[in-house]
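Student: One structure, pasted below without further comment.
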Amino acid sequence: MLLSLLRLVSLRHLVQAPLRTALTLVGVAVGVATMVGVTSINRSVMEAFRSTVDTIAGKAELTVTGTQVGFSEEVLARVREVPGVTHASGNLVVIAPVRGSPGQSLYVMGVDLLDDGYFRTYEGVDRDLGSLAEDLEFLNSTDRMLVSERFAREHGLKVGDTFGLTTASGAQDFIVHALVRESGPIKAFGGSVAVMDVASAQAAFGRDRVLDRIDVAVDPKVGLEATRESLRQALGPAFEVERPSQRGGTVETMVRSFQMGLNLGSGVALLVGVFLVYNTISISVVQRRREIGTLRALGASRLGIRTLFTLEAMVLGGAGTALGLPLGVFVGRGAIGLVSESISSIYVKVNARDVTVTALELGLGLALGVLGSAFAALRPALHASSVQPVEALRRDAAAGMQVGGVRAWTVWAGLGCLAVVYPLVRLPPPVENLPLGGYLAVFLCLMGTTLLAPTVLEVLGRVYRGPGERLLGISGRLAADNFSRAPGRTAVPVSALAIGVSMAVCIAGFVGSFQRSSEEWIHQSVPADLFITSSARTAGVRNQPMRPELGKAIDALPGVGQVDRVRILPHDVLGLRVYVISLIPEIYEQRARPILLEGRLPSREEWRAGKVLISENFSRRRDLHVGDTLEMSTPTGVRAYTVAAVAVDYTSDQGTVVMSRDVYIEHFQDDQVDVFEAYLADRSRLEEIRRAITEAHGRQYNLFVLSNSELREEVTSLVDDAFRVTYAMEAVAVLLALLGVINTLLAAVLDRTREIGLLRAVGAARSHVLRLFVGEAAFIGLSGGLIGVLTGTVLGIVVTMTVGEQATGWRFPYLFPTMVAVQMSLTATLCAAVAGVYPARRAAGLDVVEALAYE
């Protein structure tokens, strides 16, 4: 019976309101697509990283790794002597920027071809690679590579062609010795992979007698765990011995908060889509009150009515989901590059190119779309089942019907949601980089605002009467009255719009607060006049370290006073991937004014003795303070360093450790430079000196020479880029909310058809009706903007002071985004007014006689 009612009653009603049904389907589809796309992107990015680790490892059962700068190849001999080790192969990995292709890099594997064959195999495109270990031309050359077929195709290369890479010593040309099919280890790093003999790679990239990793095969008779323990004892604490699948845990911890932020944004878009379903079903209950009464009079039970409307919502959700799932694949493929680029700029270099949507994402989208729609229908369905047949069959029954009017329980529930926000923000994160309490506080704040919206709208309706009448005449007064006539219904598009606006204001507040604090930090702590980097505009994950000799050439230029040589090394310390920053203490003391929260700058003797500065977020994450000791693995063994001061530093959201360059070179056996910071004797010659550096060395080293102001702009741009996908999802949420405005006003035209007819009959012009509905739409937009700004301010404080601090360890003051708040309020009002034009034109075009006869 229910299926018959669904087909004959519900589906017929949906078909008779095609525009409203289409708007709802679009809302659900876009919400599901956003959720599916973002979820698939997050998984694909992490799979790309894990794939690089796993495919490169091949058949290795254990891997031995040291610091990020590698370790002496003498360690390989010690590994081979450990009982249980049947095979061991040393490897070197370099991610080299491709010259002439900004932002693109090549993953160069240096392998020992005599031992590597046990762990990995390479399949040539047009030649047999099995005899490479005897190919003297390949082995004796420092510029020949086996290049992946994909990389060659993308760059138009064939065997014998040359291409350029940027190395620590500057530009170098390499020859395509052979092409390799994209299988096994060549699938790593998105297929942009090349293979060299390890000795050749060491010479070409300035890594003499250095390895990054040793792959180990284990004798099953000895056992993996026993062999691992023997290796740890033989090598000491400076080395990590683990299964290949266990590598990358630190990276996943780092990017967890970034991915959670994307999931939150996609969840908001889906929530707004669910609001559209709620609105549609609520309107359907109002308009079909007499139909419901007829069904009840014919014997339909309350449970049957509830089930009927719930099924109707599930049909809408299912159809919207069916449209949204393929759209989600499109969203994922379109945005994977942006997310991959952001993670590569901030955390670790990944090369995620392809998005595969698995059954998990499809199932999640289906569940959220259908079950979310069913949940949205619960309240309207309960209301429909409470209809009394006698009352429902009255001719004027629908006139005063208001689904979702102001109820006491919604007020108390809303206040209850807001009351628990503060306790939640005080909860410590259950897992590092996962501020669960903060995210729950954000969700409950949005829910509390939604539940309180009808009450707020009743008040705003009275506030709007005077201004509305002054601006639009009697039409404005009537628009304000109609706006607050059914606050439960009007609250749905207002709440949806408020959610979109609040997220925009929230993110703008967080981003603006961080940008202002980081600009102040650069101004005080990094005050150099020029910053010289290779292959990237800022030093960090993506730049190419340079040889220190370039610093001498820069120092010798007329007008240059001092040149600091700064190395920024990502390094695992106390379970965090922090940046170890080495610099020249004398220049730092003379030029910089770091913002110290604890302690003081070390003296020259203290720098040389191993005292360091740590960032406030590292201090907070690991409870380190002045006088504490921390240990770090280095190529020369485990070294202990003493905390001299805690300073504000925004280089990394995981933390930083600043030490003397001399100490760093001694302990890490690494003299490379990530950024030369030049202080000019005559700042008026800045452009002249910049031009001289670029002309003399820019092409060879692929240099970027930025002024201090340009560096601040670059940091601002970097933060904005990290939130580009989030901004897009905010825009989606606002657009979906505007669909809700159209939906609500179209229903209002039907509900008030006789009223419109009466207005026209007593002399109201079509322009009067047009202003009436456009004014009502503008009040909806203005209310959504005002509530959204207020809610977004609270959310911005929560995100900045709790979510941001727990995810990054940074603590900075909240800056209210005044311009964004004003812009979003005006945009919401104007867009809602525009969205109301079509329903208003439909209302103004009604025939007076037909409108008066409408039931």
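Naming scheme: A, B, ... for chains in displayed order of the structure tokens; residues 1 onward per chain; ligands 1 onward as shown.
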Enumerate, as number ranges by chain, the complete set of residues in stretch 343-582 of chain A that a backbone-based DSSP assignment places in strand (DSSP E).

Tutor: A: 530-534, 560-573, 576-582

Student: Can you list, as a list in words, every protein, DNA or RNA residue that comes within 9 Å of stretch 18-23 of chain A when you count only C-alpha atoms, leaving out same-chain residues fewer than 2 positions away?

Tutor: Leu14, Val15, Gln16, Leu25, Val26, Gly27, Val28, Leu276, Thr280, Leu316, Leu736, Leu739, Gly740, Ile742, Asn743, Thr744, Leu746 and Ala747 of chain A

Student: Keeping only N, CA and C atoms, take the residues you just selected and write them out as a compact mmCIF listing (two decimals), in the first residue's frame.

Tutor:
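File written: selection-v1.txt
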```txt
# COMPACT_ATOMS: atom_id res chain seq x y z
N LEU A 14 5.61 15.57 -6.55
CA LEU A 14 6.95 16.03 -6.92
C LEU A 14 7.01 16.42 -8.40
N VAL A 15 6.32 15.65 -9.22
CA VAL A 15 6.32 15.94 -10.66
C VAL A 15 5.55 17.22 -10.95
N GLN A 16 4.53 17.50 -10.16
CA GLN A 16 3.72 18.70 -10.39
C GLN A 16 4.43 19.97 -9.93
N LEU A 25 16.88 18.51 -5.75
CA LEU A 25 17.80 17.49 -6.27
C LEU A 25 19.19 18.07 -6.50
N VAL A 26 19.25 19.27 -7.02
CA VAL A 26 20.55 19.91 -7.25
C VAL A 26 21.27 20.12 -5.92
N GLY A 27 20.52 20.56 -4.90
CA GLY A 27 21.13 20.78 -3.59
C GLY A 27 21.73 19.51 -3.02
N VAL A 28 20.97 18.42 -3.05
CA VAL A 28 21.48 17.15 -2.54
C VAL A 28 22.65 16.67 -3.38
N LEU A 276 17.62 21.78 2.22
CA LEU A 276 16.70 21.91 1.10
C LEU A 276 15.65 20.80 1.11
N THR A 280 11.66 21.33 1.44
CA THR A 280 10.73 20.79 0.46
C THR A 280 9.64 19.94 1.11
N LEU A 316 13.84 11.67 -2.92
CA LEU A 316 14.57 12.88 -3.29
C LEU A 316 16.07 12.71 -3.03
N LEU A 736 23.92 27.01 -2.69
CA LEU A 736 22.84 26.08 -2.35
C LEU A 736 21.81 26.76 -1.46
N LEU A 739 19.41 28.63 -3.46
CA LEU A 739 18.38 27.77 -4.04
C LEU A 739 17.23 27.59 -3.04
N GLY A 740 17.60 27.52 -1.75
CA GLY A 740 16.57 27.41 -0.72
C GLY A 740 15.69 28.64 -0.66
N ILE A 742 14.88 30.55 -3.25
CA ILE A 742 13.96 30.42 -4.38
C ILE A 742 12.87 29.41 -4.04
N ASN A 743 13.27 28.29 -3.47
CA ASN A 743 12.33 27.24 -3.11
C ASN A 743 11.25 27.75 -2.17
N THR A 744 11.68 28.46 -1.14
CA THR A 744 10.74 28.97 -0.14
C THR A 744 9.77 29.98 -0.75
N LEU A 746 8.89 30.32 -3.92
CA LEU A 746 7.97 29.68 -4.85
C LEU A 746 6.80 29.06 -4.09
N ALA A 747 7.12 28.43 -2.96
CA ALA A 747 6.05 27.87 -2.13
C ALA A 747 5.16 28.97 -1.57
```

Student: Might you pull out every residue within 12 Å of A:Asn708, with only C-alpha atoms counted and same-chain residues fewer than 5 positions away left off, and present them as a PyMOL selection string?

Tutor: chain A and resi 519-532+538+677-680+683+686+713-715

Student: Can I get the selection written as a PDB file, in the first residue's frame, with C-alpha atoms?

Tutor:
```pdb
ATOM      1  CA  GLU A 519      53.761  39.268   8.880  1.00  0.00           C
ATOM      2  CA  GLU A 520      54.726  40.669  12.277  1.00  0.00           C
ATOM      3  CA  TRP A 521      56.976  37.655  12.842  1.00  0.00           C
ATOM      4  CA  ILE A 522      58.736  38.089   9.486  1.00  0.00           C
ATOM      5  CA  HIS A 523      59.180  41.809  10.139  1.00  0.00           C
ATOM      6  CA  GLN A 524      60.831  41.207  13.525  1.00  0.00           C
ATOM      7  CA  SER A 525      62.470  37.799  13.292  1.00  0.00           C
ATOM      8  CA  VAL A 526      63.396  37.546   9.590  1.00  0.00           C
ATOM      9  CA  PRO A 527      64.287  41.127   8.640  1.00  0.00           C
ATOM     10  CA  ALA A 528      66.658  40.466   5.723  1.00  0.00           C
ATOM     11  CA  ASP A 529      66.405  42.761   2.713  1.00  0.00           C
ATOM     12  CA  LEU A 530      66.667  40.005   0.086  1.00  0.00           C
ATOM     13  CA  PHE A 531      65.877  36.281   0.213  1.00  0.00           C
ATOM     14  CA  ILE A 532      67.545  34.075  -2.387  1.00  0.00           C
ATOM     15  CA  THR A 538      60.009  30.306  -0.279  1.00  0.00           C
ATOM     16  CA  GLU A 677      69.386  36.077   3.523  1.00  0.00           C
ATOM     17  CA  ALA A 678      71.137  39.232   2.315  1.00  0.00           C
ATOM     18  CA  TYR A 679      71.326  42.402   4.403  1.00  0.00           C
ATOM     19  CA  LEU A 680      72.208  45.403   2.266  1.00  0.00           C
ATOM     20  CA  ARG A 683      68.864  49.586   0.704  1.00  0.00           C
ATOM     21  CA  LEU A 686      67.954  46.810  -3.668  1.00  0.00           C
ATOM     22  CA  GLU A 713      53.140  38.716   0.298  1.00  0.00           C
ATOM     23  CA  GLU A 714      54.275  35.229  -0.673  1.00  0.00           C
ATOM     24  CA  VAL A 715      53.491  33.855   2.789  1.00  0.00           C
TER      25      VAL A 715
END
```

Student: Would you kindly return, as a ChimeraX atom specification, each protein, DNA or RNA residue with an atom no farther than 9 Å from any atom of stretch 122-136 of chain A, considering only C-alpha atoms and excluding same-chain residues fewer than 5 positions away?

Tutor: /A:112-114,117,141,146,149,178-186,197

Student: Can you list, as a VMD selection string, all residues belonging to stretch 16-135 of chain A that DSSP tags as helix (DSSP H, G or I)?

Tutor: chain A and resid 16 18 to 57 74 to 80 113 to 116 132 to 134

Student: Neighbouring residues of stretch 59-67 of chain A were defined as those with any atom within 10 Å, considering only C-alpha atoms; residues of the same chain fewer than 4 positions away were excluded. Please report them as a ChimeraX atom specification.

Tutor: /A:54-55,71-72,75-76,79,85,87-90,117-121,211-218,224-225,227-228,231-232,235,237-247,569-572,632-635,637,668

Student: I want to know what sits within 10 Å of A:Asp564, based on only C-alpha atoms, with residues of the same chain fewer than 6 positions away left out; could you give that as a list in words?

Tutor: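 Near A:Asp564, the qualifying residues are Ala528, Phe531, Gly551, Asp555, Ser582, Leu583, Ile584, Pro585, Glu586, Ile587, Tyr588, Arg661, Val673, Val675, Phe676, Glu677, Ala678 and Tyr679 of chain A.
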
Student: Looking at A:Val734, A:Val834, A:Ile693, A:Ala496, which one is nearest to A:Thr449, with distances taken over only C-alpha atoms?

Tutor: A:Ala496

Student: Pick from A:Ala453, A:Val769, A:Val193, A:Leu327: nearest to A:Pro493, with only C-alpha atoms counted?

Tutor: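 Ranked by minimum distance to A:Pro493, first place goes to A:Ala453.
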
Student: Nearest residue to A:Thr86 out of A:Pro220, A:Gly337, A:Gly363, A:Gly512, using only C-alpha atoms?

Tutor: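 Distance minimum relative to A:Thr86 lands on A:Pro220.
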
Student: Atom CA of A:Glu755 and atom CA of A:Glu291, how far apart in Å?

Tutor: 21.5 Å

Student: Interatomic distance between atom CA of A:Val638 and atom CA of A:Trp810?

Tutor: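 Atom CA of A:Trp810 lies at a distance of 27.9 Å from atom CA of A:Val638.
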